[in-house]
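Content type PDB, C-alpha atoms, from the file model_28.pdb:
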ATOM      1  CA  MET M  58     -15.314  12.748  34.617
ATOM      2  CA  ARG M  59     -13.324   9.764  35.837
ATOM      3  CA  VAL M  60     -15.057   7.541  33.286
ATOM      4  CA  ARG M  61     -13.898   9.819  30.431
ATOM      5  CA  TRP M  62     -10.291   9.593  31.598
ATOM      6  CA  MET M  63     -10.525   5.824  31.778
ATOM      7  CA  ALA M  64     -11.933   5.729  28.229
ATOM      8  CA  LYS M  65      -9.108   7.972  26.990
ATOM      9  CA  ILE M  66      -6.513   5.792  28.689
ATOM     10  CA  LYS M  67      -8.029   2.692  27.045
ATOM     11  CA  VAL M  68      -7.875   4.352  23.615
ATOM     12  CA  VAL M  69      -4.243   5.382  24.143
ATOM     13  CA  LEU M  70      -3.322   1.853  25.261
ATOM     14  CA  LEU M  71      -5.133   0.392  22.266
ATOM     15  CA  VAL M  72      -3.260   2.694  19.862
ATOM     16  CA  LEU M  73       0.087   1.873  21.530
ATOM     17  CA  THR M  74      -0.660  -1.847  21.286
ATOM     18  CA  PHE M  75      -1.560  -1.467  17.615
ATOM     19  CA  LEU M  76       1.647   0.477  16.873
ATOM     20  CA  THR M  77       3.704  -2.133  18.720
ATOM     21  CA  LEU M  78       2.139  -4.911  16.624
ATOM     22  CA  ILE M  79       2.833  -3.041  13.393
ATOM     23  CA  THR M  80       6.442  -2.357  14.397
ATOM     24  CA  THR M  81       6.989  -5.971  15.457
ATOM     25  CA  SER M  82       5.482  -7.265  12.201
ATOM     26  CA  PHE M  83       7.703  -4.944  10.160
ATOM     27  CA  LEU M  84      10.813  -6.080  12.037
ATOM     28  CA  LEU M  85       9.911  -9.748  11.584
ATOM     29  CA  ILE M  86       9.416  -9.256   7.843
ATOM     30  CA  LEU M  87      12.680  -7.339   7.624
ATOM     31  CA  TYR M  88      14.434 -10.127   9.520
ATOM     32  CA  GLU M  89      13.085 -12.764   7.099
ATOM     33  CA  LEU M  90      13.695 -10.771   3.894
ATOM     34  CA  THR M  91      16.474 -12.056   1.650
ATOM     35  CA  ILE M  92      17.964 -10.562  -1.507
ATOM     36  CA  VAL M  93      18.735 -12.993  -4.334
ATOM     37  CA  TYR M  94      21.419 -11.649  -6.652
ATOM     38  CA  ILE M  95      21.487 -13.086 -10.171
ATOM     39  CA  THR M  96      24.815 -12.641 -11.918
ATOM     40  CA  VAL M  97      25.399 -13.537 -15.579
ATOM     41  CA  GLU M  98      29.013 -14.093 -16.658
ATOM     42  CA  GLY M  99      30.221 -11.929 -13.740
ATOM     43  CA  GLU M 100      27.807  -9.028 -14.370
ATOM     44  CA  GLN M 101      24.895  -8.475 -11.971
ATOM     45  CA  ASP M 102      21.627  -8.957 -13.832
ATOM     46  CA  LEU M 103      19.011  -8.724 -11.059
ATOM     47  CA  ALA M 104      18.588  -8.275  -7.328
ATOM     48  CA  ILE M 105      15.293  -9.759  -6.153
ATOM     49  CA  PRO M 106      13.864  -9.340  -2.643
ATOM     50  CA  VAL M 107      12.233 -12.578  -1.509
ATOM     51  CA  LEU M 108      10.457 -13.688   1.611
ATOM     52  CA  CYS M 109      11.353 -16.923   3.312
ATOM     53  CA  GLU M 110      10.255 -20.052   1.446
ATOM     54  CA  SER M 111       9.887 -18.467  -1.973
ATOM     55  CA  ARG M 112      10.437 -20.853  -4.878
ATOM     56  CA  LEU M 113      13.154 -20.897  -7.516
ATOM     57  CA  LYS M 114      12.706 -23.106 -10.564
ATOM     58  CA  ILE M 115      15.223 -23.807 -13.299
ATOM     59  CA  LEU M 116      13.702 -25.292 -16.459
ATOM     60  CA  PHE M 117      15.712 -26.691 -19.358
ATOM     61  CA  ILE M 118      15.865 -29.451 -21.963
ATOM     62  CA  ASN M 119      18.393 -32.204 -21.288
ATOM     63  CA  SER M 120      20.736 -32.162 -24.284
ATOM     64  CA  ILE M 121      21.261 -35.957 -24.225
ATOM     65  CA  THR M 122      17.723 -37.295 -23.675
ATOM     66  CA  GLY M 123      15.801 -34.319 -25.110
ATOM     67  CA  ALA M 124      13.450 -34.381 -22.117
ATOM     68  CA  PRO M 125      12.313 -31.302 -20.180
ATOM     69  CA  VAL M 126      13.802 -30.972 -16.678
ATOM     70  CA  GLU M 127      12.548 -28.852 -13.790
ATOM     71  CA  LEU M 128      14.781 -28.224 -10.785
ATOM     72  CA  SER M 129      12.889 -26.703  -7.865
ATOM     73  CA  PHE M 130      14.497 -24.955  -4.894
ATOM     74  CA  LYS M 131      13.230 -23.190  -1.784
ATOM     75  CA  LEU M 132      14.668 -19.714  -1.316
ATOM     76  CA  GLY M 133      15.373 -18.232   2.079
ATOM     77  CA  ASP M 134      18.607 -17.416   3.796
ATOM     78  CA  VAL M 135      19.992 -20.317   1.700
ATOM     79  CA  ILE M 136      19.014 -22.104  -1.508
ATOM     80  CA  ARG M 137      17.608 -25.571  -0.708
ATOM     81  CA  GLY M 138      16.999 -28.366  -3.209
ATOM     82  CA  GLU M 139      13.348 -29.386  -3.252
ATOM     83  CA  TYR M 140      12.698 -31.731  -6.185
ATOM     84  CA  ILE M 141      13.634 -32.718  -9.733
ATOM     85  CA  LYS M 142      10.875 -33.289 -12.252
ATOM     86  CA  THR M 143      11.706 -35.123 -15.484
ATOM     87  CA  ASP M 144      11.086 -38.424 -17.238
ATOM     88  CA  GLU M 145      12.406 -41.786 -16.108
ATOM     89  CA  ALA M 146      15.065 -42.057 -18.835
ATOM     90  CA  THR M 147      16.596 -38.704 -17.857
ATOM     91  CA  MET M 148      16.638 -39.629 -14.166
ATOM     92  CA  GLU M 149      18.389 -42.876 -15.145
ATOM     93  CA  TYR M 150      20.898 -40.851 -17.198
ATOM     94  CA  TYR M 151      21.625 -38.570 -14.202
ATOM     95  CA  SER M 152      21.920 -41.428 -11.713
ATOM     96  CA  SER M 153      23.817 -43.889 -13.937
ATOM     97  CA  GLY M 154      21.719 -46.497 -12.170
ATOM     98  CA  VAL M 155      23.772 -46.009  -8.993
ATOM     99  CA  LEU M 156      23.037 -42.661  -7.345
ATOM    100  CA  ASP M 157      19.822 -41.573  -5.673
ATOM    101  CA  VAL M 158      19.711 -38.244  -7.482
ATOM    102  CA  GLU M 159      16.445 -37.110  -5.879
ATOM    103  CA  SER M 160      17.627 -37.472  -2.265
ATOM    104  CA  ASN M 161      21.043 -35.976  -3.087
ATOM    105  CA  PHE M 162      19.265 -33.028  -4.706
ATOM    106  CA  ARG M 163      17.000 -32.535  -1.661
ATOM    107  CA  SER M 164      20.066 -32.395   0.586
ATOM    108  CA  TYR M 165      21.574 -29.508  -1.429
ATOM    109  CA  GLU M 166      21.855 -26.360   0.699
ATOM    110  CA  SER M 167      24.035 -23.365  -0.108
ATOM    111  CA  LYS M 168      24.036 -19.578  -0.320
ATOM    112  CA  THR M 169      25.251 -19.896  -3.925
ATOM    113  CA  LEU M 170      24.010 -21.805  -6.963
ATOM    114  CA  LYS M 171      25.710 -21.768 -10.362
ATOM    115  CA  PHE M 172      24.033 -23.096 -13.498
ATOM    116  CA  CYS M 173      25.369 -23.211 -17.057
ATOM    117  CA  SER M 174      23.789 -24.244 -20.343
ATOM    118  CA  MET M 175      24.685 -23.782 -23.981
ATOM    119  CA  LEU M 176      21.143 -24.660 -25.086
ATOM    120  CA  GLY M 177      19.393 -22.280 -22.704
ATOM    121  CA  PHE M 178      17.209 -22.370 -19.617
ATOM    122  CA  LYS M 179      14.537 -20.433 -17.766
ATOM    123  CA  ILE M 180      14.734 -19.190 -14.199
ATOM    124  CA  LYS M 181      11.471 -18.608 -12.349
ATOM    125  CA  VAL M 182      11.186 -16.985  -8.925
ATOM    126  CA  GLU M 183       7.778 -17.229  -7.282
ATOM    127  CA  ASN M 184       6.447 -15.974  -3.978
ATOM    128  CA  LEU M 185       3.286 -14.432  -2.552
ATOM    129  CA  LEU M 186       4.115 -10.989  -3.965
ATOM    130  CA  PHE M 187       5.189 -11.714  -7.546
ATOM    131  CA  LYS M 188       6.376 -14.151 -10.185
ATOM    132  CA  LEU M 189       9.470 -13.450 -12.231
ATOM    133  CA  GLU M 190      10.654 -15.394 -15.264
ATOM    134  CA  ARG M 191      13.914 -14.871 -17.124
ATOM    135  CA  GLU M 192      15.468 -16.797 -20.045
ATOM    136  CA  TYR M 193      19.196 -17.303 -20.581
ATOM    137  CA  LYS M 194      21.064 -18.978 -23.435
ATOM    138  CA  GLY M 195      24.694 -20.011 -23.752
ATOM    139  CA  VAL M 196      25.770 -18.510 -20.420
ATOM    140  CA  CYS M 197      26.495 -19.340 -16.813
ATOM    141  CA  VAL M 198      24.277 -17.792 -14.160
ATOM    142  CA  GLU M 199      25.138 -17.537 -10.476
ATOM    143  CA  LEU M 200      22.540 -16.963  -7.781
ATOM    144  CA  LYS M 201      23.545 -15.757  -4.316
ATOM    145  CA  THR M 202      21.385 -15.147  -1.280
ATOM    146  CA  LYS M 203      22.051 -12.470   1.297
ATOM    147  CA  LYS M 204      19.880 -11.460   4.251
ATOM    148  CA  ILE M 205      18.611  -7.894   3.935
ATOM    149  CA  LEU M 206      19.967  -7.086   7.395
ATOM    150  CA  ASP M 207      23.469  -8.023   6.171
ATOM    151  CA  VAL M 208      23.008  -5.811   3.100
ATOM    152  CA  ILE M 209      21.866  -2.871   5.257
ATOM    153  CA  SER M 210      24.670  -3.264   7.782
ATOM    154  CA  ASN M 211      27.417  -3.139   5.100
TER     155      ASN M 211
END
As structure tokens:
Amino acid sequence: MRVRWMAKIKVVLLVLTFLTLITTSFLLILYELTIVYITVEGEQDLAIPVLCESRLKILFINSITGAPVELSFKLGDVIRGEYIKTDEATMEYYSSGVLDVESNFRSYESKTLKFCSMLGFKIKVENLLFKLEREYKGVCVELKTKKILDVISN
């Protein structure tokens, strides 16, 4: 009889431990979840939930050199510059032979990013859950990050 009670207690403790782990995992994910708002010319276009360290890429053609350019950012509670991918002539054009564009870009960190182009550009958001791609032409787009907990509390 005593053995049965001990077995029941073990099962109850195991279930409680499991529920605690699930609750803790949910709270950690909720804590790390960020909403990225994409606004076009002042009108909200999208609101994308992203987990920490998702990627944002902006792809466009440089209007002076004609070369493709890829700007890559890490998304989290802020937008962080990661790298610029383009040809050598375009990097020279951006730096004017003086600036270290790549290291300046990597030091970029803000809750807001604004990008404009008359020729057009693509925005890609990638994470473990999904990939999203959107094209824009002749407009300015603003991206803002906001923690989900801040959204919920307002």
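Atom CA of M:Phe162 to atom CA of M:Gly99 spans 25.4 Å [interatomic distance, one decimal].
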Any chance you could resolve the PyMOL selection byres ((chain M and resi 97) around 7) against this file and give the residues as a PDB file with C-alpha atoms, keeping the file's coordinate frame?
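The file below, expr.pdb, is the result:
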ATOM      1  CA  ILE M  95      21.487 -13.086 -10.171  1.00  0.00           C
ATOM      2  CA  THR M  96      24.815 -12.641 -11.918  1.00  0.00           C
ATOM      3  CA  GLU M  98      29.013 -14.093 -16.658  1.00  0.00           C
ATOM      4  CA  GLY M  99      30.221 -11.929 -13.740  1.00  0.00           C
ATOM      5  CA  GLU M 100      27.807  -9.028 -14.370  1.00  0.00           C
ATOM      6  CA  GLN M 101      24.895  -8.475 -11.971  1.00  0.00           C
ATOM      7  CA  ASP M 102      21.627  -8.957 -13.832  1.00  0.00           C
ATOM      8  CA  VAL M 196      25.770 -18.510 -20.420  1.00  0.00           C
ATOM      9  CA  CYS M 197      26.495 -19.340 -16.813  1.00  0.00           C
ATOM     10  CA  VAL M 198      24.277 -17.792 -14.160  1.00  0.00           C
ATOM     11  CA  GLU M 199      25.138 -17.537 -10.476  1.00  0.00           C
TER      12      GLU M 199
END
Considering only C-alpha atoms, can you say which of M:Ser174, M:Ile180, M:Leu186, M:Gly138 comes closest to M:Ser160? M:Gly138
Under the PyMOL selection byres ((chain M and resi 129-136) around 8), which residues of this model are included? Write them out as a ChimeraX atom specification. /M:89-91,107-115,127-128,137-141,165-170,202-204
Atom-to-atom span, atom CA of M:Asn119 and atom CA of M:Leu176, Å: 8.9 Å
Correct to one decimal, the distance atom CA of M:Val208-atom CA of M:Ile105 is 12.7 Å
Translate the PyMOL selection byres ((chain M and resi 125) around 10) into a concrete residue list for this structure, as a ChimeraX atom specification. /M:116-120,122-124,126-127,142-144,147
